[in-house]
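With mmCIF, C-alpha atoms inside, this is start03.cif:
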```
data_final
loop_
_atom_site.group_PDB
_atom_site.id
_atom_site.type_symbol
_atom_site.label_atom_id
_atom_site.label_comp_id
_atom_site.auth_asym_id
_atom_site.auth_seq_id
_atom_site.Cartn_x
_atom_site.Cartn_y
_atom_site.Cartn_z
ATOM 1 C CA MET N 204 -31.080 5.570 -48.464
ATOM 2 C CA SER N 205 -32.008 7.825 -51.343
ATOM 3 C CA VAL N 206 -35.384 9.538 -51.444
ATOM 4 C CA ARG N 207 -37.145 10.257 -54.712
ATOM 5 C CA LEU N 208 -38.425 13.785 -54.716
ATOM 6 C CA PRO N 209 -41.522 14.588 -56.795
ATOM 7 C CA SER N 210 -40.811 16.494 -59.951
ATOM 8 C CA LEU N 211 -42.332 19.912 -60.552
ATOM 9 C CA LEU N 212 -44.358 20.348 -63.735
ATOM 10 C CA THR N 213 -45.938 23.341 -65.403
ATOM 11 C CA SER N 214 -49.601 23.634 -64.424
ATOM 12 C CA THR N 215 -52.435 25.082 -66.454
ATOM 13 C CA ILE N 216 -55.104 27.006 -64.581
ATOM 14 C CA ARG N 217 -58.361 28.398 -65.881
ATOM 15 C CA THR N 218 -59.140 32.011 -65.110
ATOM 16 C CA ARG N 219 -61.918 34.344 -66.069
ATOM 17 C CA PRO N 220 -61.206 36.495 -69.151
ATOM 18 C CA LEU N 221 -59.506 39.745 -68.237
ATOM 19 C CA LEU N 222 -59.682 43.018 -70.134
ATOM 20 C CA PRO N 223 -56.237 44.276 -71.150
ATOM 21 C CA LEU N 224 -54.877 47.028 -68.958
ATOM 22 C CA PRO N 225 -53.750 50.282 -70.614
ATOM 23 C CA ARG N 226 -50.105 50.170 -71.584
ATOM 24 C CA THR N 227 -49.633 53.506 -69.828
ATOM 25 C CA ARG N 228 -50.905 52.280 -66.464
ATOM 26 C CA SER N 229 -49.223 54.010 -63.541
ATOM 27 C CA VAL N 230 -46.939 52.633 -60.874
ATOM 28 C CA PHE N 231 -49.740 53.330 -58.406
ATOM 29 C CA HIS N 232 -52.129 51.140 -60.398
ATOM 30 C CA ARG N 233 -49.641 48.262 -60.524
ATOM 31 C CA ALA N 234 -49.200 48.504 -56.757
ATOM 32 C CA MET N 235 -52.963 48.227 -56.297
ATOM 33 C CA VAL N 236 -53.160 44.828 -58.038
ATOM 34 C CA SER N 237 -53.334 42.194 -55.300
ATOM 35 C CA ARG N 238 -50.841 39.363 -55.005
ATOM 36 C CA ALA N 239 -53.720 36.878 -55.284
ATOM 37 C CA VAL N 240 -54.831 38.404 -58.592
ATOM 38 C CA GLU N 241 -51.281 38.406 -59.941
ATOM 39 C CA ALA N 242 -50.806 34.781 -58.873
ATOM 40 C CA SER N 243 -54.049 33.741 -60.580
ATOM 41 C CA ARG N 244 -52.637 35.086 -63.880
ATOM 42 C CA ALA N 245 -49.208 33.509 -63.481
ATOM 43 C CA ILE N 246 -47.683 30.312 -64.795
ATOM 44 C CA LEU N 247 -47.782 28.168 -61.656
ATOM 45 C CA LYS N 248 -46.206 24.902 -60.611
ATOM 46 C CA SER N 249 -47.948 21.561 -60.170
ATOM 47 C CA ILE N 250 -46.554 18.265 -58.916
ATOM 48 C CA ASP N 251 -46.339 14.613 -59.927
ATOM 49 C CA LEU N 252 -48.161 12.511 -57.335
ATOM 50 C CA SER N 253 -47.601 9.169 -59.091
ATOM 51 C CA ALA N 254 -45.233 7.909 -56.405
ATOM 52 C CA GLY N 255 -45.350 8.100 -52.639
ATOM 53 C CA TYR N 256 -48.953 9.223 -52.084
ATOM 54 C CA ASP N 257 -52.225 7.412 -51.438
ATOM 55 C CA PRO N 258 -54.047 6.728 -54.765
ATOM 56 C CA GLU N 259 -57.447 8.006 -53.607
ATOM 57 C CA GLN N 260 -56.011 11.161 -52.058
ATOM 58 C CA THR N 261 -54.006 11.650 -55.253
ATOM 59 C CA ARG N 262 -57.206 11.459 -57.309
ATOM 60 C CA LEU N 263 -58.928 14.029 -55.112
ATOM 61 C CA MET N 264 -56.070 16.478 -55.671
ATOM 62 C CA ASP N 265 -57.282 16.860 -59.268
ATOM 63 C CA GLU N 266 -60.478 18.558 -58.059
ATOM 64 C CA ARG N 267 -60.586 22.255 -58.886
ATOM 65 C CA CYS N 268 -60.721 24.902 -56.175
ATOM 66 C CA ILE N 269 -62.166 28.382 -56.676
ATOM 67 C CA LEU N 270 -59.437 31.022 -56.822
ATOM 68 C CA VAL N 271 -60.244 34.299 -55.067
ATOM 69 C CA ASP N 272 -58.647 37.605 -54.207
ATOM 70 C CA GLU N 273 -58.224 38.949 -50.668
ATOM 71 C CA GLN N 274 -61.824 40.223 -50.676
ATOM 72 C CA ASP N 275 -63.139 36.788 -51.772
ATOM 73 C CA ASN N 276 -63.934 37.831 -55.342
ATOM 74 C CA ALA N 277 -63.790 34.771 -57.607
ATOM 75 C CA LEU N 278 -60.935 34.839 -60.136
ATOM 76 C CA GLY N 279 -61.028 31.398 -61.760
ATOM 77 C CA ALA N 280 -59.992 27.863 -60.824
ATOM 78 C CA ALA N 281 -56.975 25.640 -60.280
ATOM 79 C CA ASP N 282 -56.576 22.063 -59.108
ATOM 80 C CA LYS N 283 -55.899 21.293 -55.446
ATOM 81 C CA LYS N 284 -52.305 20.319 -56.156
ATOM 82 C CA THR N 285 -51.586 23.753 -57.569
ATOM 83 C CA CYS N 286 -53.466 25.558 -54.804
ATOM 84 C CA HIS N 287 -51.719 23.749 -51.953
ATOM 85 C CA LEU N 288 -48.085 23.912 -53.086
ATOM 86 C CA MET N 289 -46.158 26.383 -50.926
ATOM 87 C CA GLU N 290 -44.253 27.561 -54.010
ATOM 88 C CA ASN N 291 -47.535 28.887 -55.418
ATOM 89 C CA ILE N 292 -48.881 30.062 -52.067
ATOM 90 C CA ASN N 293 -45.754 32.145 -51.620
ATOM 91 C CA LYS N 294 -46.661 33.920 -54.866
ATOM 92 C CA GLY N 295 -50.032 34.839 -53.354
ATOM 93 C CA LEU N 296 -52.307 32.126 -54.777
ATOM 94 C CA LEU N 297 -55.499 32.075 -52.668
ATOM 95 C CA HIS N 298 -58.615 29.875 -52.779
ATOM 96 C CA ARG N 299 -62.039 29.531 -51.125
ATOM 97 C CA ALA N 300 -62.730 27.018 -48.344
ATOM 98 C CA PHE N 301 -65.098 26.269 -45.461
ATOM 99 C CA SER N 302 -64.839 24.997 -41.909
ATOM 100 C CA ALA N 303 -67.995 23.304 -40.593
ATOM 101 C CA PHE N 304 -68.692 22.824 -36.880
ATOM 102 C CA VAL N 305 -71.464 20.352 -35.996
ATOM 103 C CA PHE N 306 -72.813 20.484 -32.438
ATOM 104 C CA ARG N 307 -75.124 17.957 -30.769
ATOM 105 C CA PRO N 308 -78.408 19.687 -29.878
ATOM 106 C CA SER N 309 -78.982 17.896 -26.575
ATOM 107 C CA ASP N 310 -75.731 18.872 -24.836
ATOM 108 C CA GLY N 311 -73.961 21.292 -27.177
ATOM 109 C CA LYS N 312 -70.930 19.053 -27.638
ATOM 110 C CA LEU N 313 -68.811 19.595 -30.752
ATOM 111 C CA LEU N 314 -67.981 16.778 -33.166
ATOM 112 C CA LEU N 315 -64.254 16.625 -33.961
ATOM 113 C CA GLN N 316 -62.358 14.504 -36.454
ATOM 114 C CA GLN N 317 -58.758 13.349 -36.659
ATOM 115 C CA ARG N 318 -57.489 13.480 -40.219
ATOM 116 C CA ALA N 319 -56.295 10.209 -41.756
ATOM 117 C CA THR N 320 -52.639 9.315 -42.156
ATOM 118 C CA GLU N 321 -53.298 9.078 -45.914
ATOM 119 C CA LYS N 322 -54.077 12.795 -46.183
ATOM 120 C CA ILE N 323 -51.477 14.690 -48.215
ATOM 121 C CA THR N 324 -51.788 17.888 -46.173
ATOM 122 C CA PHE N 325 -51.913 18.005 -42.375
ATOM 123 C CA PRO N 326 -52.219 14.215 -41.818
ATOM 124 C CA ASP N 327 -53.116 12.797 -38.378
ATOM 125 C CA MET N 328 -54.164 16.175 -36.964
ATOM 126 C CA TRP N 329 -57.323 16.852 -34.975
ATOM 127 C CA THR N 330 -59.647 19.459 -36.417
ATOM 128 C CA ASN N 331 -63.233 20.682 -36.534
ATOM 129 C CA THR N 332 -66.020 18.476 -37.878
ATOM 130 C CA CYS N 333 -65.219 19.019 -41.538
ATOM 131 C CA CYS N 334 -63.004 21.394 -43.496
ATOM 132 C CA SER N 335 -62.755 21.390 -47.267
ATOM 133 C CA HIS N 336 -63.534 23.411 -50.398
ATOM 134 C CA PRO N 337 -66.427 24.384 -52.632
ATOM 135 C CA LEU N 338 -65.401 23.184 -56.075
ATOM 136 C CA ASP N 339 -65.382 24.871 -59.445
ATOM 137 C CA ASP N 340 -66.390 21.419 -60.784
ATOM 138 C CA PHE N 341 -69.979 21.893 -59.530
ATOM 139 C CA ALA N 342 -72.060 24.871 -60.659
ATOM 140 C CA GLU N 343 -74.096 24.915 -57.441
ATOM 141 C CA GLU N 344 -70.951 25.217 -55.326
ATOM 142 C CA LYS N 345 -69.972 28.403 -57.156
ATOM 143 C CA GLU N 346 -73.181 30.176 -56.102
ATOM 144 C CA GLU N 347 -72.364 33.067 -53.774
ATOM 145 C CA THR N 348 -75.779 34.370 -52.717
ATOM 146 C CA ALA N 349 -76.341 33.583 -49.014
ATOM 147 C CA GLN N 350 -73.167 31.458 -49.058
ATOM 148 C CA ARG N 351 -75.101 28.841 -51.031
ATOM 149 C CA GLY N 352 -72.040 27.271 -52.637
ATOM 150 C CA VAL N 353 -70.087 26.669 -49.445
ATOM 151 C CA ARG N 354 -73.192 25.304 -47.700
ATOM 152 C CA VAL N 355 -73.762 22.782 -50.488
ATOM 153 C CA ALA N 356 -70.085 21.832 -50.395
ATOM 154 C CA ALA N 357 -70.224 21.336 -46.613
ATOM 155 C CA THR N 358 -73.150 18.945 -46.902
ATOM 156 C CA ARG N 359 -71.358 17.006 -49.646
ATOM 157 C CA LYS N 360 -68.117 16.696 -47.689
ATOM 158 C CA LEU N 361 -69.781 15.771 -44.385
ATOM 159 C CA GLU N 362 -71.209 12.792 -46.253
ATOM 160 C CA HIS N 363 -67.930 11.990 -48.001
ATOM 161 C CA GLU N 364 -65.681 12.192 -44.953
ATOM 162 C CA LEU N 365 -67.937 11.157 -42.075
ATOM 163 C CA GLY N 366 -70.693 9.268 -43.874
ATOM 164 C CA ILE N 367 -73.342 11.660 -42.547
ATOM 165 C CA PRO N 368 -76.434 11.449 -44.776
ATOM 166 C CA ARG N 369 -77.188 14.715 -46.525
ATOM 167 C CA SER N 370 -80.739 14.548 -45.177
ATOM 168 C CA GLN N 371 -79.276 15.128 -41.696
ATOM 169 C CA THR N 372 -77.418 18.306 -42.706
ATOM 170 C CA PRO N 373 -79.885 20.458 -44.686
ATOM 171 C CA VAL N 374 -78.166 23.283 -46.520
ATOM 172 C CA ASP N 375 -80.416 25.940 -44.995
ATOM 173 C CA GLU N 376 -79.635 24.809 -41.437
ATOM 174 C CA PHE N 377 -76.015 25.971 -41.544
ATOM 175 C CA GLN N 378 -75.438 29.246 -39.737
ATOM 176 C CA TYR N 379 -72.766 31.295 -41.468
ATOM 177 C CA LEU N 380 -70.690 33.396 -39.073
ATOM 178 C CA THR N 381 -67.720 34.953 -40.864
ATOM 179 C CA ARG N 382 -64.823 34.436 -43.290
ATOM 180 C CA ILE N 383 -61.160 34.392 -42.330
ATOM 181 C CA HIS N 384 -58.118 34.840 -44.567
ATOM 182 C CA TYR N 385 -55.190 32.802 -43.256
ATOM 183 C CA LEU N 386 -51.972 31.159 -44.469
ATOM 184 C CA ALA N 387 -50.354 28.052 -42.946
ATOM 185 C CA PRO N 388 -47.476 25.823 -44.115
ATOM 186 C CA SER N 389 -47.845 22.054 -43.686
ATOM 187 C CA ASP N 390 -44.540 20.257 -44.294
ATOM 188 C CA GLY N 391 -42.528 22.690 -46.375
ATOM 189 C CA LEU N 392 -43.838 21.391 -49.703
ATOM 190 C CA TRP N 393 -47.550 21.802 -48.964
ATOM 191 C CA GLY N 394 -49.673 24.374 -47.165
ATOM 192 C CA GLU N 395 -52.951 26.295 -47.024
ATOM 193 C CA HIS N 396 -53.848 29.821 -48.101
ATOM 194 C CA GLU N 397 -57.591 30.273 -47.899
ATOM 195 C CA VAL N 398 -60.579 32.506 -47.438
ATOM 196 C CA ASP N 399 -62.358 30.162 -45.047
ATOM 197 C CA TYR N 400 -66.119 30.358 -44.362
ATOM 198 C CA ILE N 401 -67.048 29.354 -40.806
ATOM 199 C CA LEU N 402 -70.333 27.428 -40.610
ATOM 200 C CA PHE N 403 -72.126 26.158 -37.477
ATOM 201 C CA MET N 404 -74.804 23.477 -37.464
ATOM 202 C CA THR N 405 -76.721 21.747 -34.688
ATOM 203 C CA ALA N 406 -77.936 18.283 -35.653
ATOM 204 C CA ASP N 407 -78.175 14.696 -34.467
ATOM 205 C CA VAL N 408 -76.053 12.912 -37.039
ATOM 206 C CA SER N 409 -75.085 9.328 -37.842
ATOM 207 C CA VAL N 410 -71.328 9.000 -38.353
ATOM 208 C CA THR N 411 -69.906 6.244 -40.570
ATOM 209 C CA PRO N 412 -66.311 7.381 -41.077
ATOM 210 C CA ASN N 413 -64.483 7.125 -44.363
ATOM 211 C CA LEU N 414 -61.170 5.750 -43.078
ATOM 212 C CA ASN N 415 -59.298 7.169 -46.048
ATOM 213 C CA GLU N 416 -60.341 10.614 -44.786
ATOM 214 C CA ILE N 417 -60.471 10.364 -40.983
ATOM 215 C CA ARG N 418 -58.849 8.007 -38.500
ATOM 216 C CA ASP N 419 -60.920 8.959 -35.439
ATOM 217 C CA PHE N 420 -63.750 11.188 -34.254
ATOM 218 C CA LYS N 421 -65.231 12.254 -30.940
ATOM 219 C CA TYR N 422 -67.674 14.649 -29.291
ATOM 220 C CA VAL N 423 -66.191 17.116 -26.808
ATOM 221 C CA ASP N 424 -67.431 19.861 -24.530
ATOM 222 C CA LYS N 425 -65.460 23.072 -24.030
ATOM 223 C CA ALA N 426 -63.411 21.765 -21.100
ATOM 224 C CA GLU N 427 -62.553 18.554 -22.940
ATOM 225 C CA LEU N 428 -61.394 20.472 -25.989
ATOM 226 C CA GLN N 429 -59.270 22.772 -23.860
ATOM 227 C CA ALA N 430 -57.671 19.714 -22.248
ATOM 228 C CA MET N 431 -56.909 18.325 -25.696
ATOM 229 C CA PHE N 432 -55.191 21.578 -26.657
ATOM 230 C CA GLU N 433 -53.069 21.387 -23.510
ATOM 231 C CA ASP N 434 -52.002 17.783 -24.164
ATOM 232 C CA PRO N 435 -48.697 17.880 -26.106
ATOM 233 C CA SER N 436 -49.387 14.476 -27.644
ATOM 234 C CA ASN N 437 -52.188 16.009 -29.746
ATOM 235 C CA SER N 438 -51.632 18.021 -32.918
ATOM 236 C CA PHE N 439 -54.203 20.296 -34.521
ATOM 237 C CA THR N 440 -54.737 21.880 -37.915
ATOM 238 C CA PRO N 441 -53.637 25.517 -38.009
ATOM 239 C CA TRP N 442 -57.028 26.877 -39.114
ATOM 240 C CA PHE N 443 -58.755 25.097 -36.226
ATOM 241 C CA LYS N 444 -56.276 26.545 -33.744
ATOM 242 C CA LEU N 445 -56.800 30.048 -35.152
ATOM 243 C CA ILE N 446 -60.599 29.774 -35.052
ATOM 244 C CA ALA N 447 -60.513 28.325 -31.519
ATOM 245 C CA ARG N 448 -58.106 31.009 -30.297
ATOM 246 C CA ASP N 449 -60.062 33.993 -31.592
ATOM 247 C CA PHE N 450 -63.690 32.945 -32.043
ATOM 248 C CA LEU N 451 -64.860 29.439 -31.156
ATOM 249 C CA PHE N 452 -65.121 29.520 -27.378
ATOM 250 C CA GLY N 453 -66.985 32.826 -27.295
ATOM 251 C CA TRP N 454 -69.447 31.709 -29.953
ATOM 252 C CA TRP N 455 -69.839 28.362 -28.168
ATOM 253 C CA ASP N 456 -70.771 30.236 -24.969
ATOM 254 C CA GLU N 457 -73.425 32.142 -26.901
ATOM 255 C CA LEU N 458 -74.759 28.925 -28.424
ATOM 256 C CA LEU N 459 -75.125 27.337 -24.995
ATOM 257 C CA ALA N 460 -76.715 30.487 -23.579
ATOM 258 C CA ARG N 461 -79.402 30.568 -26.282
ATOM 259 C CA LYS N 462 -81.009 27.177 -25.744
ATOM 260 C CA ASN N 463 -84.551 26.868 -27.016
ATOM 261 C CA GLY N 464 -87.660 26.003 -25.017
ATOM 262 C CA GLU N 465 -86.725 22.312 -25.109
ATOM 263 C CA GLY N 466 -83.320 23.019 -23.594
ATOM 264 C CA LYS N 467 -81.481 22.326 -26.856
ATOM 265 C CA VAL N 468 -78.887 24.404 -28.663
ATOM 266 C CA TYR N 469 -79.747 25.680 -32.119
ATOM 267 C CA ALA N 470 -77.154 27.139 -34.487
ATOM 268 C CA LYS N 471 -79.618 29.490 -36.180
ATOM 269 C CA SER N 472 -80.003 31.300 -32.850
ATOM 270 C CA LEU N 473 -76.606 32.872 -33.610
ATOM 271 C CA ALA N 474 -77.971 34.773 -36.626
ATOM 272 C CA GLY N 475 -76.823 38.380 -36.373
ATOM 273 C CA LEU N 476 -74.182 37.659 -33.735
ATOM 274 C CA VAL N 477 -71.314 38.480 -36.104
ATOM 275 C CA ASP N 478 -70.931 40.902 -38.989
ATOM 276 C CA GLY N 479 -69.883 38.419 -41.656
ATOM 277 C CA SER N 480 -69.863 40.901 -44.515
ATOM 278 C CA LYS N 481 -66.092 41.357 -44.561
ATOM 279 C CA VAL N 482 -63.138 38.981 -44.669
ATOM 280 C CA VAL N 483 -61.231 38.857 -41.375
ATOM 281 C CA LYS N 484 -57.532 39.056 -42.165
ATOM 282 C CA MET N 485 -55.422 36.652 -40.057
ATOM 283 C CA VAL N 486 -52.169 36.679 -42.078
#
```
Have the structure of the file written as structure tokens, please.
Amino acid sequence: MSVRLPSLLTSTIRTRPLLPLPRTRSVFHRAMVSRAVEASRAILKSIDLSAGYDPEQTRLMDERCILVDEQDNALGAADKKTCHLMENINKGLLHRAFSAFVFRPSDGKLLLQQRATEKITFPDMWTNTCCSHPLDDFAEEKEETAQRGVRVAATRKLEHELGIPRSQTPVDEFQYLTRIHYLAPSDGLWGEHEVDYILFMTADVSVTPNLNEIRDFKYVDKAELQAMFEDPSNSFTPWFKLIARDFLFGWWDELLARKNGEGKVYAKSLAGLVDGSKVVKMV
């Protein structure tokens, strides 16, 4: 049986205007230019998704991510297709993302989702409550002061993927912890290369899943999540595994230890726990 492989096309990306560098720039200066910056200036590859992919997921791949350098400085924008092709990632192309963790206030359990089979990257894998991107398409999601853009994007995507009303996830109730820079292949063609903002929230939420985005969801405590990790029948997104390995369980302990007077956990109690001023390199 023959398999039709998608054709690679030239992609156009939009970048911020750059001042010309002096023609006499030194070798040292060229070495100082980051791979992410060089990739943002390059002619990159895109892909034809007209055959073999879910139509709605194909449409969403036209959304524009925010390109950044290794210190999370915005460089411009490119569509999701361009950002998630390993051919471009291997050149250094890097974009901004978020990972949101929603905990139930009464018992501190974490809401997980299992990504839908229709997803183009990392289908059928368990992951944190919601992981996606602030978009260059929306001015508010490009705001960087107090992580405003990623907070707005998290509220939008929690509604889109899990049907959680935005009124239940107020932007100011997210607790930002840190940013991680990681790289992870998916299936050889696709992958992730992100500066990922980690956001915690405690809220009682109503979940009405979008089945084109998620196939299952559940609340788990720490022991239940650890058991899931130990079960070989489960697969997990690479960013979730990294965050769980290095950060999640310790921060979860702190969250449970800082219950308020009503015996409930509150994400904002973690303010000041972590120095989130720098990007944590995990590549």
Looking at N:Leu288, N:Leu252, N:Leu247, N:Leu473, which one is nearest to Gln378 (chain N), with distances taken over only C-alpha atoms?
N:Leu473
Residues of region 328-372 of chain N at most 8 Å from region 410-428 of chain N: nearest atom pair and distance in Å, only C-alpha atoms, as a Markdown table:
```
| residue | atom | partner | partner_atom | distance |
| --- | --- | --- | --- | --- |
| N:His363 | CA | N:Asn413 | CA | 7.0 |
| N:Glu364 | CA | N:Asn413 | CA | 5.2 |
| N:Leu365 | CA | N:Pro412 | CA | 4.2 |
| N:Gly366 | CA | N:Thr411 | CA | 4.5 |
| N:Ile367 | CA | N:Val410 | CA | 5.4 |
```
Residues within 12 Å of Asp340 (chain N), only C-alpha atoms, excluding chain neighbours under 6 positions, as a PyMOL selection string
chain N and resi 217+263+265-269+279-283+352+356
I need the residues from that last selection saved to file as a PDB file, in the frame of the given file (with C-alpha atoms), if you can.
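selection.pdb written:
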```pdb
ATOM      1  CA  ARG N 217     -58.361  28.398 -65.881  1.00  0.00           C
ATOM      2  CA  LEU N 263     -58.928  14.029 -55.112  1.00  0.00           C
ATOM      3  CA  ASP N 265     -57.282  16.860 -59.268  1.00  0.00           C
ATOM      4  CA  GLU N 266     -60.478  18.558 -58.059  1.00  0.00           C
ATOM      5  CA  ARG N 267     -60.586  22.255 -58.886  1.00  0.00           C
ATOM      6  CA  CYS N 268     -60.721  24.902 -56.175  1.00  0.00           C
ATOM      7  CA  ILE N 269     -62.166  28.382 -56.676  1.00  0.00           C
ATOM      8  CA  GLY N 279     -61.028  31.398 -61.760  1.00  0.00           C
ATOM      9  CA  ALA N 280     -59.992  27.863 -60.824  1.00  0.00           C
ATOM     10  CA  ALA N 281     -56.975  25.640 -60.280  1.00  0.00           C
ATOM     11  CA  ASP N 282     -56.576  22.063 -59.108  1.00  0.00           C
ATOM     12  CA  LYS N 283     -55.899  21.293 -55.446  1.00  0.00           C
ATOM     13  CA  GLY N 352     -72.040  27.271 -52.637  1.00  0.00           C
ATOM     14  CA  ALA N 356     -70.085  21.832 -50.395  1.00  0.00           C
TER      15      ALA N 356
END
```
Using the chain letters and numbering of this document, enumerate as a PyMOL selection string the residues selected by the PyMOL selection byres ((chain N and resi 255-258) around 12).
chain N and resi 206-209+250-254+259-265+319-324+326+415-416
Which residue gives the smallest distance to Ser249 (chain N) among N:His336, N:Val482, N:Ala303, N:Trp393, with only C-alpha atoms counted?
N:Trp393
So what do you get for CA of His396 (chain N) versus CA of Leu297 (chain N), distance-wise?
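CA of Leu297 (chain N) lies 5.4 Å from CA of His396 (chain N).
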Neighbourhood query: residues within 10 Å of (-72.7, 15.2, -28.5), file coordinates, counting all atoms listed in the file; return as number ranges by chain.
N: 305-314, 405-408, 421-424
